[in-house]
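Notes follow once the structure below has been shown.
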Amino acid sequence: MPRHEVTLTVNGRTSTVSVEPRKLLVDVLREDLGLTGTHVGCEHGVCGTCTVLRDGESIRSCTTFAVQVDGAEIRTVEGLAKGAELHPLQDEFWDKQGLQCGYCTPGMLMRACEIIEGNPDVTHDQVREGIASNLCRCTGYQFITEAVCAAAARMKADSAETTGAQA
């Protein structure tokens, strides 16, 4: 089978991989790049476990061929934390108990990241609607919603402090 060179920037790091046309993005992330935070769930694009951001928008990496993201910027859950410092979403998921088994968490975090970046003043109802595309069988979504709203408020306050300090 022919192979294709695919260049993508994942969490700020550019990589080129040689793939068969049928190789899925989730497999490139996990197998070729060693980024195992992106989970494989239903393998049909239904559950959202494999959600990553492509150029800032969430996609299902289990139904996206790697050749489709050639030249794209991909963000995975590994790109959220800065060293030992958790991203506000990760910190709030921990604090508000927005996870139990943790299997859906990476995809849920990436979807939540997109939601907050699109609307820093997101409401509980907007979060519930936005994360409805990701399935969680453990938490019932209440704690996840609380965590996302708390993270949004924190991120907005941090942004205001940074902007104020620069003035």
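Residue numbering restarts at 1 for every chain of the structure tokens, chains are lettered A, B, ... in their displayed order, and ligands are numbered from 1 as they appear.
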Any idea what's packed within 12 Å of Gln100 of chain A, counting only C-alpha atoms, ignoring anything in its chain fewer than 5 positions away? Could you give it as a list in words? Phe93, Trp94, Thr105, Cys136, Arg137, Cys138, Thr139, Gly140, Tyr141, Phe143 and Ile144 of chain A
With a distance cut-off of 9 Å and only C-alpha atoms, select the neighbouring residues of Ala112 of chain A, excluding the residue or stretch itself and same-chain residues fewer than 5 positions from it, and output the selection as a PyMOL selection string. chain A and resi 89+107+117+127+130-131+148
Store the residues picked out above in a file with N, CA, C and O atoms, as a short mmCIF file (atom, residue, chain, number, x, y, z; two decimals), in the first residue's frame.
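Everything below was put into part.cif:
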```cif
data_model
loop_
_atom_site.label_atom_id
_atom_site.label_comp_id
_atom_site.auth_asym_id
_atom_site.auth_seq_id
_atom_site.Cartn_x
_atom_site.Cartn_y
_atom_site.Cartn_z
N LEU A 89 -8.74 23.93 33.41
CA LEU A 89 -9.75 22.89 33.21
C LEU A 89 -9.38 21.60 33.95
O LEU A 89 -10.22 21.00 34.62
N GLY A 107 -11.10 13.60 26.12
CA GLY A 107 -11.98 14.15 25.09
C GLY A 107 -12.87 15.24 25.64
O GLY A 107 -13.12 16.26 24.99
N GLU A 117 -12.90 28.68 24.88
CA GLU A 117 -12.19 29.59 23.97
C GLU A 117 -13.16 30.31 23.05
O GLU A 117 -12.91 31.45 22.65
N VAL A 127 -22.73 25.03 28.52
CA VAL A 127 -21.77 23.94 28.71
C VAL A 127 -22.47 22.61 28.53
O VAL A 127 -21.98 21.73 27.82
N GLY A 130 -23.01 22.06 24.95
CA GLY A 130 -21.75 21.88 24.24
C GLY A 130 -21.08 20.54 24.47
O GLY A 130 -20.47 19.98 23.57
N ILE A 131 -21.20 20.01 25.69
CA ILE A 131 -20.57 18.73 25.98
C ILE A 131 -21.49 17.54 25.71
O ILE A 131 -21.07 16.40 25.87
N VAL A 148 -16.24 23.02 34.25
CA VAL A 148 -16.01 23.84 33.05
C VAL A 148 -16.34 25.30 33.34
O VAL A 148 -15.57 26.20 32.98
#
```
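Omitting Glu78 of chain A and its sequence neighbours fewer than 4 positions away, and counting only C-alpha atoms, the residues within 9 Å are A:Asn11, A:Leu35, A:Thr36, A:Gly37, A:Thr38, A:Pro106.
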How would you write, as a PyMOL selection string, the set of residues in chain A that DSSP gives as strand (DSSP E or B)? chain A and resi 4-10+13-19+24+51-54+57-60+65+73-75+82+85
Nearby residues (only C-alpha atoms) at most 8 Å from His39 of chain A, same-chain spacing under 4 positions excluded, as a PyMOL selection string: chain A and resi 26+49-50+103-104+106-107
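Pairwise distance (atom CA of Ala132 of chain A, atom CA of Asp55 of chain A) equals 21.2 Å.
With only C-alpha atoms as the basis for measurement, A:Asp32 is the residue among A:Asp32, A:Glu85, A:Glu92, A:Glu57 that approaches Ser18 of chain A most closely.
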Can you pull out every residue within 8 Å of His124 of chain A, counting only C-alpha atoms, but drop anything in the same chain fewer than 4 positions away, and send it as a ChimeraX atom specification? /A:128,145-146,149
Secondary structure check, alpha helix (DSSP H) residues of segment 62-128 of chain A, as JSON, numbers by chain: {"A": [88, 89, 90, 91, 92, 93, 94, 95, 105, 106, 107, 108, 109, 110, 111, 112, 113, 114, 115, 116, 117, 118, 124, 125, 126, 127, 128]}
Written selection (N, CA, C and O atoms) as an mmCIF file, in the first residue's frame:
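Below you can see again_9.cif, which holds the result:
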```cif
data_model
loop_
_atom_site.group_PDB
_atom_site.id
_atom_site.type_symbol
_atom_site.label_atom_id
_atom_site.label_comp_id
_atom_site.auth_asym_id
_atom_site.auth_seq_id
_atom_site.Cartn_x
_atom_site.Cartn_y
_atom_site.Cartn_z
ATOM 1 N N PRO A 88 -6.260 25.216 33.950
ATOM 2 C CA PRO A 88 -7.415 25.438 34.814
ATOM 3 C C PRO A 88 -8.529 24.398 34.634
ATOM 4 O O PRO A 88 -9.173 24.004 35.612
ATOM 5 N N LEU A 89 -8.737 23.929 33.415
ATOM 6 C CA LEU A 89 -9.745 22.887 33.211
ATOM 7 C C LEU A 89 -9.380 21.604 33.949
ATOM 8 O O LEU A 89 -10.218 21.003 34.625
ATOM 9 N N GLN A 90 -8.133 21.189 33.837
ATOM 10 C CA GLN A 90 -7.697 19.978 34.522
ATOM 11 C C GLN A 90 -7.811 20.145 36.037
ATOM 12 O O GLN A 90 -8.269 19.249 36.742
ATOM 13 N N ASP A 91 -7.400 21.297 36.508
ATOM 14 C CA ASP A 91 -7.445 21.580 37.942
ATOM 15 C C ASP A 91 -8.882 21.573 38.459
ATOM 16 O O ASP A 91 -9.172 20.995 39.508
ATOM 17 N N GLU A 92 -9.782 22.187 37.723
ATOM 18 C CA GLU A 92 -11.184 22.241 38.155
ATOM 19 C C GLU A 92 -11.875 20.876 38.030
ATOM 20 O O GLU A 92 -12.727 20.544 38.839
ATOM 21 N N PHE A 93 -11.519 20.094 37.015
ATOM 22 C CA PHE A 93 -12.065 18.735 36.933
ATOM 23 C C PHE A 93 -11.673 17.950 38.178
ATOM 24 O O PHE A 93 -12.472 17.202 38.728
ATOM 25 N N TRP A 94 -10.437 18.126 38.596
ATOM 26 C CA TRP A 94 -9.954 17.450 39.798
ATOM 27 C C TRP A 94 -10.699 17.978 41.028
ATOM 28 O O TRP A 94 -11.233 17.203 41.820
ATOM 29 N N ASP A 95 -10.733 19.299 41.174
ATOM 30 C CA ASP A 95 -11.333 19.924 42.351
ATOM 31 C C ASP A 95 -12.835 19.667 42.459
ATOM 32 O O ASP A 95 -13.352 19.427 43.547
ATOM 33 N N THR A 105 -12.446 11.622 30.041
ATOM 34 C CA THR A 105 -11.899 12.908 30.468
ATOM 35 C C THR A 105 -11.042 13.626 29.419
ATOM 36 O O THR A 105 -11.248 14.822 29.195
ATOM 37 N N PRO A 106 -10.096 12.966 28.748
ATOM 38 C CA PRO A 106 -9.297 13.706 27.761
ATOM 39 C C PRO A 106 -10.152 14.350 26.666
ATOM 40 O O PRO A 106 -9.970 15.523 26.343
ATOM 41 N N GLY A 107 -11.098 13.597 26.121
ATOM 42 C CA GLY A 107 -11.980 14.148 25.093
ATOM 43 C C GLY A 107 -12.873 15.238 25.644
ATOM 44 O O GLY A 107 -13.122 16.257 24.987
ATOM 45 N N MET A 108 -13.356 15.041 26.864
ATOM 46 C CA MET A 108 -14.217 16.037 27.508
ATOM 47 C C MET A 108 -13.433 17.330 27.750
ATOM 48 O O MET A 108 -13.958 18.433 27.529
ATOM 49 N N LEU A 109 -12.189 17.217 28.188
ATOM 50 C CA LEU A 109 -11.356 18.398 28.412
ATOM 51 C C LEU A 109 -11.122 19.173 27.119
ATOM 52 O O LEU A 109 -11.184 20.406 27.114
ATOM 53 N N MET A 110 -10.868 18.455 26.043
ATOM 54 C CA MET A 110 -10.609 19.142 24.776
ATOM 55 C C MET A 110 -11.872 19.817 24.252
ATOM 56 O O MET A 110 -11.822 20.935 23.741
ATOM 57 N N ARG A 111 -13.005 19.172 24.388
ATOM 58 C CA ARG A 111 -14.270 19.796 23.972
ATOM 59 C C ARG A 111 -14.540 21.026 24.835
ATOM 60 O O ARG A 111 -14.945 22.079 24.344
ATOM 61 N N ALA A 112 -14.309 20.909 26.137
ATOM 62 C CA ALA A 112 -14.517 22.032 27.053
ATOM 63 C C ALA A 112 -13.578 23.186 26.722
ATOM 64 O O ALA A 112 -13.975 24.356 26.796
ATOM 65 N N CYS A 113 -12.369 22.862 26.341
ATOM 66 C CA CYS A 113 -11.397 23.894 25.950
ATOM 67 C C CYS A 113 -11.936 24.699 24.766
ATOM 68 O O CYS A 113 -11.890 25.931 24.768
ATOM 69 N N GLU A 114 -12.456 23.992 23.778
ATOM 70 C CA GLU A 114 -13.033 24.671 22.607
ATOM 71 C C GLU A 114 -14.216 25.542 23.019
ATOM 72 O O GLU A 114 -14.355 26.680 22.559
ATOM 73 N N ILE A 115 -15.061 25.040 23.897
ATOM 74 C CA ILE A 115 -16.241 25.785 24.341
ATOM 75 C C ILE A 115 -15.819 27.091 25.017
ATOM 76 O O ILE A 115 -16.329 28.162 24.698
ATOM 77 N N ILE A 116 -14.873 26.998 25.943
ATOM 78 C CA ILE A 116 -14.430 28.184 26.685
ATOM 79 C C ILE A 116 -13.719 29.179 25.769
ATOM 80 O O ILE A 116 -13.920 30.386 25.879
ATOM 81 N N GLU A 117 -12.895 28.682 24.876
ATOM 82 C CA GLU A 117 -12.189 29.594 23.967
ATOM 83 C C GLU A 117 -13.160 30.313 23.046
ATOM 84 O O GLU A 117 -12.914 31.447 22.653
ATOM 85 N N GLY A 118 -14.284 29.682 22.742
ATOM 86 C CA GLY A 118 -15.297 30.309 21.904
ATOM 87 C C GLY A 118 -16.207 31.257 22.669
ATOM 88 O O GLY A 118 -16.806 32.156 22.087
ATOM 89 N N HIS A 124 -23.946 27.572 32.423
ATOM 90 C CA HIS A 124 -24.136 26.138 32.696
ATOM 91 C C HIS A 124 -24.921 25.468 31.563
ATOM 92 O O HIS A 124 -24.564 24.366 31.132
ATOM 93 N N ASP A 125 -25.969 26.114 31.097
ATOM 94 C CA ASP A 125 -26.772 25.534 30.013
ATOM 95 C C ASP A 125 -25.965 25.404 28.722
ATOM 96 O O ASP A 125 -26.081 24.401 28.013
ATOM 97 N N GLN A 126 -25.154 26.400 28.428
ATOM 98 C CA GLN A 126 -24.327 26.333 27.224
ATOM 99 C C GLN A 126 -23.281 25.222 27.325
ATOM 100 O O GLN A 126 -23.001 24.533 26.351
ATOM 101 N N VAL A 127 -22.728 25.035 28.516
ATOM 102 C CA VAL A 127 -21.766 23.943 28.713
ATOM 103 C C VAL A 127 -22.470 22.608 28.528
ATOM 104 O O VAL A 127 -21.978 21.729 27.815
ATOM 105 N N ARG A 128 -23.618 22.449 29.141
ATOM 106 C CA ARG A 128 -24.359 21.179 29.005
ATOM 107 C C ARG A 128 -24.656 20.871 27.541
ATOM 108 O O ARG A 128 -24.509 19.740 27.098
#
```
